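Structure file structure.cif (mmCIF, C-alpha atoms and all ligand atoms) follows.
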data_input
loop_
_atom_site.label_atom_id
_atom_site.label_comp_id
_atom_site.auth_asym_id
_atom_site.auth_seq_id
_atom_site.Cartn_x
_atom_site.Cartn_y
_atom_site.Cartn_z
CA MET X 1 -5.15 -69.15 -9.22
CA ILE X 2 -3.96 -69.48 -5.66
CA ASP X 3 -6.95 -70.15 -3.45
CA GLU X 4 -7.68 -71.92 -0.21
CA GLU X 5 -7.97 -75.23 -2.05
CA PHE X 6 -4.55 -74.87 -3.57
CA ASN X 7 -3.04 -73.92 -0.22
CA VAL X 8 -4.50 -76.92 1.51
CA ALA X 9 -3.29 -79.20 -1.27
CA LEU X 10 0.19 -77.68 -1.07
CA LEU X 11 0.38 -78.18 2.69
CA GLU X 12 -0.81 -81.75 2.31
CA LYS X 13 1.69 -82.51 -0.40
CA HIS X 14 4.60 -81.30 1.72
CA GLY X 15 3.78 -82.75 5.09
CA PHE X 16 6.83 -81.22 6.79
CA LEU X 17 5.49 -77.68 6.29
CA SER X 18 3.59 -75.92 9.01
CA LYS X 19 1.39 -72.92 8.41
CA ARG X 20 2.28 -69.55 9.91
CA GLU X 21 -0.07 -66.72 10.57
CA SER X 22 -0.06 -64.16 7.82
CA ILE X 23 -2.24 -61.29 6.70
CA ASP X 24 -1.70 -61.80 2.98
CA CYS X 25 -0.33 -64.80 1.11
CA LEU X 26 0.19 -68.31 2.42
CA THR X 27 3.19 -68.40 4.77
CA VAL X 28 4.83 -71.62 5.82
CA ASP X 29 7.60 -72.75 8.14
CA CYS X 30 10.05 -75.15 6.59
CA PRO X 31 12.76 -77.10 8.41
CA PRO X 32 16.19 -76.21 6.93
CA ASP X 33 17.07 -79.76 5.91
CA ARG X 34 13.96 -80.04 3.71
CA LEU X 35 14.37 -76.62 2.08
CA LYS X 36 16.17 -77.71 -1.08
CA GLU X 37 13.69 -80.44 -1.73
CA LEU X 38 10.78 -78.04 -1.17
CA VAL X 39 12.18 -75.36 -3.44
CA LEU X 40 12.83 -77.80 -6.25
CA SER X 41 9.34 -79.12 -6.21
CA LEU X 42 7.85 -75.62 -5.84
CA ARG X 43 9.64 -74.65 -9.01
CA ASP X 44 9.12 -77.77 -11.07
CA GLU X 45 5.74 -79.04 -9.92
CA ASP X 46 3.80 -76.24 -8.26
CA GLY X 47 4.54 -73.47 -10.71
CA PHE X 48 6.42 -71.07 -8.42
CA ASP X 49 8.90 -70.10 -11.08
CA MET X 50 10.27 -66.89 -9.66
CA LEU X 51 12.22 -66.08 -6.51
CA VAL X 52 11.20 -62.51 -5.71
CA ASP X 53 13.05 -61.91 -2.49
CA LEU X 54 15.26 -63.57 0.05
CA SER X 55 16.30 -61.92 3.26
CA GLY X 56 17.57 -62.59 6.74
CA ILE X 57 15.92 -61.79 10.04
CA ASP X 58 17.41 -61.34 13.50
CA HIS X 59 14.52 -61.88 15.89
CA GLY X 60 16.47 -60.60 18.91
CA GLU X 61 19.39 -61.74 21.04
CA ASP X 62 17.33 -63.81 23.46
CA GLU X 63 14.91 -65.24 20.97
CA GLU X 64 14.81 -68.88 20.09
CA PRO X 65 15.39 -69.38 17.20
CA ARG X 66 17.29 -66.15 16.75
CA PHE X 67 18.05 -66.11 13.02
CA SER X 68 15.90 -67.06 10.13
CA SER X 69 15.61 -66.48 6.46
CA VAL X 70 12.48 -65.57 4.50
CA TYR X 71 11.80 -66.43 0.88
CA HIS X 72 9.15 -64.94 -1.36
CA PHE X 73 8.18 -66.99 -4.38
CA TYR X 74 5.90 -65.80 -7.15
CA SER X 75 4.06 -67.96 -9.59
CA LEU X 76 3.69 -66.40 -13.01
CA VAL X 77 1.22 -69.11 -13.96
CA ARG X 78 -0.94 -68.85 -10.89
CA ARG X 79 -0.31 -65.16 -10.28
CA GLY X 80 0.28 -65.35 -6.58
CA TYR X 81 2.86 -65.38 -3.84
CA LEU X 82 4.12 -67.91 -1.36
CA ARG X 83 6.25 -67.00 1.63
CA VAL X 84 8.60 -69.55 3.18
CA HIS X 85 10.19 -69.00 6.57
CA VAL X 86 13.22 -71.06 7.55
CA ALA X 87 14.60 -70.85 11.08
CA CYS X 88 18.27 -71.57 11.81
CA PRO X 89 18.55 -74.20 14.54
CA ASP X 90 21.86 -72.89 15.88
CA ASN X 91 22.08 -69.33 17.24
CA GLU X 92 25.87 -69.28 17.44
CA LYS X 93 26.58 -70.51 13.94
CA PRO X 94 23.42 -70.12 11.87
CA VAL X 95 23.45 -72.29 8.75
CA ILE X 96 20.80 -72.75 6.06
CA PRO X 97 21.23 -74.69 2.82
CA SER X 98 21.70 -72.49 -0.23
CA ILE X 99 19.03 -72.59 -2.93
CA SER X 100 21.14 -70.84 -5.55
CA GLU X 101 21.41 -74.06 -7.52
CA THR X 102 17.67 -74.05 -8.11
CA PHE X 103 17.20 -70.29 -8.30
CA PRO X 104 20.37 -68.52 -9.48
CA ALA X 105 18.71 -65.26 -8.36
CA ALA X 106 19.33 -66.38 -4.78
CA ASN X 107 23.08 -66.10 -5.21
CA TRP X 108 23.52 -62.41 -4.40
CA HIS X 109 20.58 -62.33 -1.98
CA GLU X 110 22.21 -65.03 0.08
CA ARG X 111 25.48 -63.15 0.01
CA GLU X 112 23.64 -60.09 1.33
CA ALA X 113 21.94 -62.03 4.10
CA TYR X 114 25.31 -63.49 5.02
CA ASP X 115 26.95 -60.06 4.95
CA MET X 116 24.33 -58.40 7.14
CA PHE X 117 23.33 -61.21 9.54
CA GLY X 118 26.11 -63.77 9.36
CA VAL X 119 23.75 -66.51 8.24
CA GLU X 120 25.79 -69.04 6.32
CA PHE X 121 24.29 -70.65 3.26
CA SER X 122 25.84 -74.07 2.93
CA GLY X 123 26.60 -75.13 -0.63
CA HIS X 124 26.67 -71.55 -1.92
CA PRO X 125 29.16 -71.33 -4.82
CA ASP X 126 30.77 -68.06 -3.70
CA LEU X 127 29.75 -66.95 -0.23
CA ARG X 128 31.58 -63.66 0.14
CA ARG X 129 30.41 -60.37 1.60
CA ILE X 130 28.61 -58.26 -0.95
CA LEU X 131 28.12 -54.81 0.63
CA MET X 132 30.77 -54.47 3.31
CA TRP X 133 34.39 -55.18 2.46
CA ASP X 134 35.76 -58.69 2.76
CA ASP X 135 37.53 -58.49 6.11
CA TYR X 136 34.92 -56.39 7.91
CA PRO X 137 34.65 -58.09 11.32
CA TYR X 138 30.96 -57.53 12.16
CA PHE X 139 27.50 -58.31 10.85
CA PRO X 140 25.87 -54.89 10.88
CA LEU X 141 22.17 -55.75 10.89
CA ARG X 142 22.38 -57.96 13.97
CA LYS X 143 20.50 -56.47 16.88
CA GLU X 144 23.54 -55.96 19.10
CA PHE X 145 25.40 -53.95 16.46
CA PRO X 146 25.07 -50.18 17.05
CA LEU X 147 23.73 -48.18 14.11
CA ALA X 148 26.61 -45.70 14.45
CA GLY X 149 29.16 -48.46 13.84
CA ILE X 150 32.24 -49.67 15.66
CA ASP X 151 35.87 -48.53 15.38
CA THR X 152 37.55 -50.59 12.67
CA PRO X 153 40.57 -50.02 10.44
CA LEU X 154 39.95 -48.79 6.89
CA PRO X 155 39.87 -51.57 4.30
CA ALA X 156 43.06 -50.37 2.56
CA ASP X 157 46.17 -50.25 4.75
CA ASP X 158 48.12 -47.88 2.52
CA VAL X 159 45.28 -45.38 2.32
CA ALA X 160 44.80 -45.59 6.08
CA GLU X 161 48.49 -44.94 6.59
CA VAL X 162 48.58 -41.81 4.42
CA THR X 163 45.29 -40.33 5.59
CA LYS X 164 45.34 -41.54 9.21
CA ALA X 165 41.65 -42.28 8.73
CA SER X 166 39.72 -45.19 10.16
CA VAL X 167 36.14 -46.35 10.37
CA GLU X 168 34.73 -44.36 13.28
CA PRO X 169 31.30 -44.51 14.90
CA ALA X 170 29.14 -41.86 13.26
CA PRO X 171 28.00 -39.05 15.58
CA MET X 172 24.34 -39.73 16.21
CA MET X 173 23.55 -36.27 17.62
CA GLY X 174 20.26 -37.36 19.10
CA GLY X 175 19.49 -39.60 16.14
CA PRO X 176 18.58 -41.91 14.53
CA PHE X 177 17.01 -39.61 11.99
CA VAL X 178 13.47 -40.59 11.32
CA SER X 179 10.55 -39.13 9.51
CA ALA X 180 7.22 -38.61 11.26
CA GLY X 181 5.71 -40.04 8.10
CA GLU X 182 2.61 -37.85 8.12
CA GLY X 183 1.66 -34.22 7.84
CA PRO X 184 3.13 -31.60 5.50
CA MET X 185 6.66 -32.16 4.20
CA SER X 186 8.08 -29.33 6.30
CA ASP X 187 7.05 -31.16 9.49
CA SER X 188 7.68 -34.70 8.38
CA GLU X 189 11.17 -34.47 6.97
CA PRO X 190 13.68 -36.69 8.79
CA ARG X 191 15.02 -35.24 12.03
CA ALA X 192 16.73 -36.50 15.16
CA LEU X 193 14.41 -38.62 17.22
CA ASP X 194 15.52 -37.00 20.48
CA GLU X 195 16.91 -33.51 20.05
CA SER X 196 17.68 -33.01 23.75
CA TRP X 197 21.18 -34.53 23.56
CA THR X 198 24.22 -34.70 21.29
CA GLU X 199 27.66 -36.26 21.58
CA GLU X 200 28.85 -33.01 23.20
CA SER X 201 26.04 -32.38 25.68
CA GLU X 202 24.61 -35.10 27.88
CA LYS X 203 20.98 -35.98 27.86
CA PRO X 204 19.24 -33.96 30.62
CA GLN X 205 18.14 -36.18 33.49
CA MET G 206 51.56 0.45 -13.78
CA ILE G 207 51.70 -3.30 -13.61
CA SER G 208 48.28 -4.75 -13.07
CA ASP G 209 47.55 -7.83 -11.03
CA GLU G 210 45.05 -8.88 -13.60
CA VAL G 211 45.69 -9.96 -17.11
CA ALA G 212 44.54 -6.95 -19.04
CA TYR G 213 45.50 -5.75 -22.43
CA ASN G 214 44.84 -2.47 -24.03
CA GLY G 215 46.26 -2.54 -27.55
CA LYS G 216 46.12 1.20 -27.97
CA VAL G 217 48.23 1.90 -24.93
CA GLU G 218 50.53 -1.07 -24.78
CA GLY G 219 51.08 -2.01 -28.38
CA ASP G 220 52.03 -5.62 -28.93
CA VAL G 221 53.45 -6.13 -25.48
CA ILE G 222 51.65 -7.49 -22.42
CA VAL G 223 53.26 -6.92 -19.07
CA THR G 224 51.96 -9.03 -16.25
CA LYS G 225 52.98 -11.52 -13.58
CA ALA G 226 53.63 -15.18 -14.25
CA ASP G 227 51.24 -16.12 -11.45
CA ALA G 228 48.46 -14.10 -12.97
CA VAL G 229 48.85 -15.71 -16.38
CA ILE G 230 49.29 -19.25 -15.17
CA ASN G 231 46.42 -19.01 -12.72
CA TRP G 232 44.22 -17.40 -15.35
CA ILE G 233 44.87 -20.31 -17.66
CA ARG G 234 44.36 -22.86 -14.94
CA SER G 235 41.19 -21.41 -13.52
CA HIS G 236 39.49 -21.17 -16.88
CA SER G 237 40.07 -24.74 -17.91
CA VAL G 238 39.35 -26.72 -14.78
CA TRP G 239 38.64 -30.17 -16.12
CA PRO G 240 36.47 -31.98 -13.59
CA MET G 241 36.80 -35.57 -12.59
CA PRO G 242 33.16 -36.52 -11.94
CA MET G 243 33.19 -38.68 -8.84
CA GLY G 244 29.48 -39.41 -9.00
CA LEU G 245 28.61 -41.69 -6.11
CA ALA G 246 24.90 -41.09 -5.48
CA CYS G 247 21.95 -38.82 -6.21
CA CYS G 248 24.06 -35.63 -6.27
CA ALA G 249 25.67 -36.92 -9.45
CA ILE G 250 22.37 -36.31 -11.24
CA GLU G 251 22.61 -32.61 -10.40
CA LEU G 252 26.22 -32.67 -11.52
CA MET G 253 25.04 -34.01 -14.87
CA ALA G 254 22.38 -31.30 -14.99
CA SER G 255 25.00 -28.61 -14.49
CA ALA G 256 26.91 -29.98 -17.45
CA ALA G 257 23.85 -30.06 -19.67
CA SER G 258 22.61 -27.17 -21.78
CA ARG G 259 20.28 -25.51 -19.28
CA TYR G 260 23.03 -24.67 -16.78
CA ASP G 261 25.98 -25.22 -19.05
CA ILE G 262 29.11 -25.45 -16.96
CA SER G 263 31.12 -24.93 -20.16
CA ARG G 264 30.55 -21.20 -19.79
CA PHE G 265 33.30 -21.41 -17.20
CA GLY G 266 35.59 -23.72 -19.12
CA MET G 267 34.70 -26.81 -17.12
CA GLU G 268 32.66 -28.86 -19.52
CA VAL G 269 35.40 -31.38 -20.25
CA MET G 270 34.47 -34.07 -17.76
CA ARG G 271 37.32 -36.50 -17.84
CA PHE G 272 36.75 -40.02 -16.69
CA SER G 273 40.46 -40.52 -16.49
CA PRO G 274 42.01 -38.97 -13.39
CA ARG G 275 45.24 -38.39 -15.30
CA GLN G 276 43.54 -35.77 -17.42
CA SER G 277 41.56 -33.92 -14.81
CA ASP G 278 42.28 -31.07 -12.40
CA CYS G 279 39.36 -31.02 -10.02
CA MET G 280 37.58 -33.92 -8.44
CA ILE G 281 33.90 -33.20 -7.82
CA VAL G 282 32.83 -35.68 -5.16
CA ALA G 283 29.09 -35.84 -5.79
CA GLY G 284 27.41 -38.28 -3.49
CA THR G 285 27.64 -40.54 -0.50
CA VAL G 286 31.14 -41.80 0.25
CA THR G 287 30.97 -45.20 1.91
CA TYR G 288 33.96 -46.59 3.74
CA LYS G 289 34.27 -49.25 1.09
CA MET G 290 34.38 -46.61 -1.65
CA ALA G 291 36.71 -44.29 0.28
CA GLU G 292 39.73 -46.30 -0.78
CA VAL G 293 38.80 -45.86 -4.44
CA VAL G 294 38.20 -42.13 -4.04
CA ARG G 295 41.63 -41.70 -2.49
CA ARG G 296 43.35 -43.80 -5.15
CA ILE G 297 41.74 -41.80 -7.93
CA TYR G 298 42.74 -38.60 -6.16
CA ASP G 299 46.31 -39.87 -5.96
CA GLN G 300 46.32 -40.57 -9.68
CA MET G 301 45.37 -37.03 -10.63
CA GLY G 302 48.22 -34.86 -11.77
CA ASP G 303 49.17 -31.83 -9.67
CA PRO G 304 47.96 -29.19 -9.19
CA LYS G 305 44.58 -30.60 -8.24
CA TRP G 306 41.52 -29.50 -6.33
CA VAL G 307 38.55 -31.19 -4.70
CA VAL G 308 34.97 -29.99 -4.42
CA ALA G 309 32.72 -31.78 -1.93
CA MET G 310 29.29 -31.51 -3.48
CA GLY G 311 26.29 -31.95 -1.21
CA ALA G 312 25.66 -32.83 2.39
CA CYS G 313 26.86 -36.42 2.04
CA ALA G 314 30.25 -35.65 0.59
CA SER G 315 30.75 -32.76 3.04
CA THR G 316 29.63 -34.37 6.30
CA GLY G 317 28.03 -37.75 5.66
CA GLY G 318 24.69 -35.99 5.35
CA MET G 319 21.70 -37.88 6.62
CA TYR G 320 23.63 -41.14 6.70
CA ARG G 321 24.74 -41.36 10.31
CA SER G 322 25.58 -44.99 9.96
CA TYR G 323 28.26 -47.62 10.16
CA ALA G 324 28.79 -47.69 6.42
CA VAL G 325 29.19 -44.03 5.48
CA MET G 326 32.30 -41.90 5.86
CA GLN G 327 31.37 -38.72 7.70
CA GLY G 328 32.75 -36.30 5.15
CA VAL G 329 35.17 -36.95 2.33
CA ASP G 330 37.64 -34.51 3.92
CA THR G 331 38.74 -37.41 6.13
CA ILE G 332 40.65 -38.84 3.19
CA VAL G 333 41.23 -36.05 0.67
CA PRO G 334 41.82 -32.30 1.19
CA VAL G 335 38.65 -30.45 0.16
CA ASP G 336 38.84 -26.93 -1.31
CA VAL G 337 35.18 -26.02 -1.59
CA TYR G 338 32.15 -27.49 0.19
CA VAL G 339 28.69 -27.15 -1.29
CA SER G 340 25.68 -27.40 0.99
CA GLY G 341 22.37 -28.88 -0.07
CA CYS G 342 20.77 -32.23 -0.50
CA PRO G 343 21.19 -32.16 -3.42
CA PRO G 344 22.65 -28.72 -4.19
CA ARG G 345 21.04 -27.05 -7.18
CA PRO G 346 23.22 -26.78 -10.27
CA GLU G 347 23.54 -23.05 -9.59
CA ALA G 348 25.10 -23.87 -6.23
CA LEU G 349 27.65 -26.08 -7.92
CA LEU G 350 28.40 -23.37 -10.47
CA ASP G 351 28.85 -20.93 -7.60
CA ALA G 352 31.25 -23.35 -5.95
CA MET G 353 33.22 -23.68 -9.16
CA ILE G 354 33.46 -19.90 -9.45
CA LYS G 355 34.69 -19.81 -5.84
CA LEU G 356 37.23 -22.43 -6.80
CA GLN G 357 38.35 -20.24 -9.70
CA ASP G 358 38.87 -17.37 -7.26
CA LYS G 359 40.82 -19.66 -5.01
CA ILE G 360 43.02 -20.88 -7.85
CA GLY G 361 43.61 -17.23 -8.78
CA ARG G 362 44.94 -16.51 -5.30
CA GLU G 363 47.32 -19.46 -5.15
CA SER G 364 50.99 -19.32 -5.95
CA SER G 365 51.27 -21.07 -9.26
CA LEU G 366 54.60 -22.73 -8.57
CA SER G 367 54.31 -23.84 -4.97
CA ASN G 368 51.14 -25.79 -5.60
CA LEU G 369 52.77 -27.90 -8.26
CA ARG G 370 53.17 -30.49 -5.59
CA LYS G 371 50.65 -30.44 -2.80
CA PRO G 372 51.32 -32.22 0.47
CA ARG G 373 50.32 -35.89 0.20
CA GLY G 374 49.33 -36.41 3.78
CA ALA G 375 46.19 -36.12 5.80
CA CYS G 376 43.52 -33.58 5.38
CA ALA G 377 41.38 -31.03 7.16
CA GLY G 378 39.76 -33.86 9.09
S1 LIG U 1 23.57 -34.94 -0.32
FE1 LIG U 1 21.49 -35.67 -0.69
S2 LIG U 1 21.31 -35.68 -2.92
FE2 LIG U 1 23.48 -35.60 -2.44
S3 LIG U 1 24.19 -37.71 -2.42
FE3 LIG U 1 23.62 -37.18 -0.33
S4 LIG U 1 21.50 -37.83 -0.13
FE4 LIG U 1 21.96 -37.74 -2.32
#
Write the structure described by the file as structure tokens, please.
Amino acid sequence: MIDEEFNVALLEKHGFLSKRESIDCLTVDCPPDRLKELVLSLRDEDGFDMLVDLSGIDHGEDEEPRFSSVYHFYSLVRRGYLRVHVACPDNEKPVIPSISETFPAANWHEREAYDMFGVEFSGHPDLRRILMWDDYPYFPLRKEFPLAGIDTPLPADDVAEVTKASVEPAPMMGGPFVSAGEGPMSDSEPRALDESWTEESEKPQ
Amino acid sequence: MISDEVAYNGKVEGDVIVTKADAVINWIRSHSVWPMPMGLACCAIELMASAASRYDISRFGMEVMRFSPRQSDCMIVAGTVTYKMAEVVRRIYDQMGDPKWVVAMGACASTGGMYRSYAVMQGVDTIVPVDVYVSGCPPRPEALLDAMIKLQDKIGRESSLSNLRKPRGACAG
């Protein structure tokens, strides 16, 4: 069981943790240099034997700290979750220690967070991009990156040469395409957010 | 009278068939279009459905899905083509023997579909020449069958010799 008593005991045991507001499970802030130690003892002593999710966050260009990483642990013994939030101290070159030694499941998740946000996981055995191709120059889920994309050469030079194709910004045509989320399907299917403009015709003033 | 079609009436013509080389060759080609299933996303499920018994693409001589590009004639691009995958699609297209055709199945393969994003190629015709586009997200199997019949018509109209080697270069774009 994970109850208030357990939470208090956990926070006391790891004095470097600070509690964060949360509407569901216990959420804590952990300084990056204590992360590996925390994760090891969560796994071996506190019964959090499963890493459910690991993702990056970009809080916004002017935020301090800008990048962080969030970990969800599940305890199969206690049947409950714990959320750990780790902020990167440096906005220019965000680094967090890798936990893939303790939880091998973190390996690909960390690669994804690196691919999308440029957060480096120090000590990761194989920190390569996982979704975009290796020499893609941007980190697409950062706030300043446009959804439509940025002009870039195709990953394969020979294919680009024959086809004259390149990575071009996608036409948004009044997008992004979002669903209203409620009402009958015919009204709520995804459509351009603002249908008054396209790439060809300017937005009316 | 020499017919454009392959037709044979034993009573009138005896053991001899008179026709045009184009008509025969194209008839053979269009009735054994072996598809290369380029299943990249959800549309591939409908492609599988069209091959299964309910829709039965083999009625048109196209049931032999070849997973080797060397043995196939028509690449059915069924799904979302990301920029990372585009290279692979083009390489597989290059490995197919001539003459070869491409069907862009579904909104994603035709135009990028609902994925207006940095990762998705806005239509596979940027890297390979597409012969038939199929609308729908996903298209029903009947729509794919219709496209394949259109492709048969198209093959029937082509000159059987000059398309032995199609131009390598860029595409409709
Ligand atoms: S067109 Fe629709 S069904 Fe087909 S691959 Fe794209 S999203 Fe999936």
Task: Contact residues (chain G, partner chain X, 12 Å, only C-alpha atoms) as a PyMOL selection string - done: chain G and resi 287-299+316-334+372-378
Please save C-alpha atoms of the selected residues as a PDB file, in the frame of the given file.
ATOM      1  CA  THR G 287      30.970 -45.200   1.910  1.00  0.00           C
ATOM      2  CA  TYR G 288      33.960 -46.590   3.740  1.00  0.00           C
ATOM      3  CA  LYS G 289      34.270 -49.250   1.090  1.00  0.00           C
ATOM      4  CA  MET G 290      34.380 -46.610  -1.650  1.00  0.00           C
ATOM      5  CA  ALA G 291      36.710 -44.290   0.280  1.00  0.00           C
ATOM      6  CA  GLU G 292      39.730 -46.300  -0.780  1.00  0.00           C
ATOM      7  CA  VAL G 293      38.800 -45.860  -4.440  1.00  0.00           C
ATOM      8  CA  VAL G 294      38.200 -42.130  -4.040  1.00  0.00           C
ATOM      9  CA  ARG G 295      41.630 -41.700  -2.490  1.00  0.00           C
ATOM     10  CA  ARG G 296      43.350 -43.800  -5.150  1.00  0.00           C
ATOM     11  CA  ILE G 297      41.740 -41.800  -7.930  1.00  0.00           C
ATOM     12  CA  TYR G 298      42.740 -38.600  -6.160  1.00  0.00           C
ATOM     13  CA  ASP G 299      46.310 -39.870  -5.960  1.00  0.00           C
ATOM     14  CA  THR G 316      29.630 -34.370   6.300  1.00  0.00           C
ATOM     15  CA  GLY G 317      28.030 -37.750   5.660  1.00  0.00           C
ATOM     16  CA  GLY G 318      24.690 -35.990   5.350  1.00  0.00           C
ATOM     17  CA  MET G 319      21.700 -37.880   6.620  1.00  0.00           C
ATOM     18  CA  TYR G 320      23.630 -41.140   6.700  1.00  0.00           C
ATOM     19  CA  ARG G 321      24.740 -41.360  10.310  1.00  0.00           C
ATOM     20  CA  SER G 322      25.580 -44.990   9.960  1.00  0.00           C
ATOM     21  CA  TYR G 323      28.260 -47.620  10.160  1.00  0.00           C
ATOM     22  CA  ALA G 324      28.790 -47.690   6.420  1.00  0.00           C
ATOM     23  CA  VAL G 325      29.190 -44.030   5.480  1.00  0.00           C
ATOM     24  CA  MET G 326      32.300 -41.900   5.860  1.00  0.00           C
ATOM     25  CA  GLN G 327      31.370 -38.720   7.700  1.00  0.00           C
ATOM     26  CA  GLY G 328      32.750 -36.300   5.150  1.00  0.00           C
ATOM     27  CA  VAL G 329      35.170 -36.950   2.330  1.00  0.00           C
ATOM     28  CA  ASP G 330      37.640 -34.510   3.920  1.00  0.00           C
ATOM     29  CA  THR G 331      38.740 -37.410   6.130  1.00  0.00           C
ATOM     30  CA  ILE G 332      40.650 -38.840   3.190  1.00  0.00           C
ATOM     31  CA  VAL G 333      41.230 -36.050   0.670  1.00  0.00           C
ATOM     32  CA  PRO G 334      41.820 -32.300   1.190  1.00  0.00           C
ATOM     33  CA  PRO G 372      51.320 -32.220   0.470  1.00  0.00           C
ATOM     34  CA  ARG G 373      50.320 -35.890   0.200  1.00  0.00           C
ATOM     35  CA  GLY G 374      49.330 -36.410   3.780  1.00  0.00           C
ATOM     36  CA  ALA G 375      46.190 -36.120   5.800  1.00  0.00           C
ATOM     37  CA  CYS G 376      43.520 -33.580   5.380  1.00  0.00           C
ATOM     38  CA  ALA G 377      41.380 -31.030   7.160  1.00  0.00           C
ATOM     39  CA  GLY G 378      39.760 -33.860   9.090  1.00  0.00           C
TER      40      GLY G 378
END
TODO: May I have the residues within 10 Å of ligand LIG 1 (chain U), computed using only C-alpha atoms and all ligand atoms, as a PyMOL selection string?
DONE: chain G and resi 244-252+282-286+309-320+339-345
- [ ] Using atom CA of Leu10 of chain X and atom CA of Pro97 of chain X as the two end points, give the distance in Å to one decimal.
- [x]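 Separating atom CA of Leu10 of chain X from atom CA of Pro97 of chain X is a distance of 21.6 Å.
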Open item on the list: So that I can check the surroundings of Gln357 of chain G, please list as a ChimeraX atom specification every protein, DNA and RNA residue that reaches within 12 Å of it, counting all atoms listed in the file and ignoring chain neighbours fewer than 5 positions away.
Closed with: /G:231-239,265-267,278-279,306,308,336-337,350-352,362-363
Using all atoms of segment 257-272 of chain G that appear in the file, construct an axis-aligned enclosing box with 3 Å of padding on every side and provide its centre coordinates and edge lengths in Å, rounded to one decimal, as AutoDock Vina command-line options.
--center_x 28.8 --center_y -30.6 --center_z -19.2 --size_x 23.0 --size_y 24.8 --size_z 11.1
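Note that atom CA of Ser122 of chain X and atom CA of Ser68 of chain X are 14.1 Å apart.
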Open item on the list: Would you compute the distance between atom CA of Ile262 of chain G and atom CA of Ala348 of chain G? Give it in Å to one decimal.
Closed with: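 Taking atom CA of Ile262 of chain G as the start and atom CA of Ala348 of chain G as the end point, the length is 11.6 Å.
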Task: Shortest interatomic distance to Ile354 of chain G - which of G:Val335, G:Arg264, G:Ala228, G:Gly219, counting all atoms listed in the file - done: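 Closest to Ile354 of chain G, using all atoms listed in the file: G:Arg264.
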TODO: List the neighbours of Arg142 of chain X out to 12 Å using all atoms listed in the file; skip same-chain residues closer than 3 positions along the sequence, and give me the result as a PyMOL selection string.
DONE: chain X and resi 56-61+66-68+91+113-119+138-139+145-147+149
Open item on the list: Residues near segment 73-75 of chain X, anyone? I mean within 9 Å using all atoms listed in the file, not counting same-chain ones fewer than 6 positions away, as number ranges by chain.
Closed with: X: 42-43, 46-53, 81-84
Task: Which residue of G:Val269, G:Ala254, G:Met243, G:Met301 approaches Ile281 of chain G most closely, using all atoms listed in the file - done: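 Using all atoms listed in the file, Ile281 of chain G sits closest to G:Met243.
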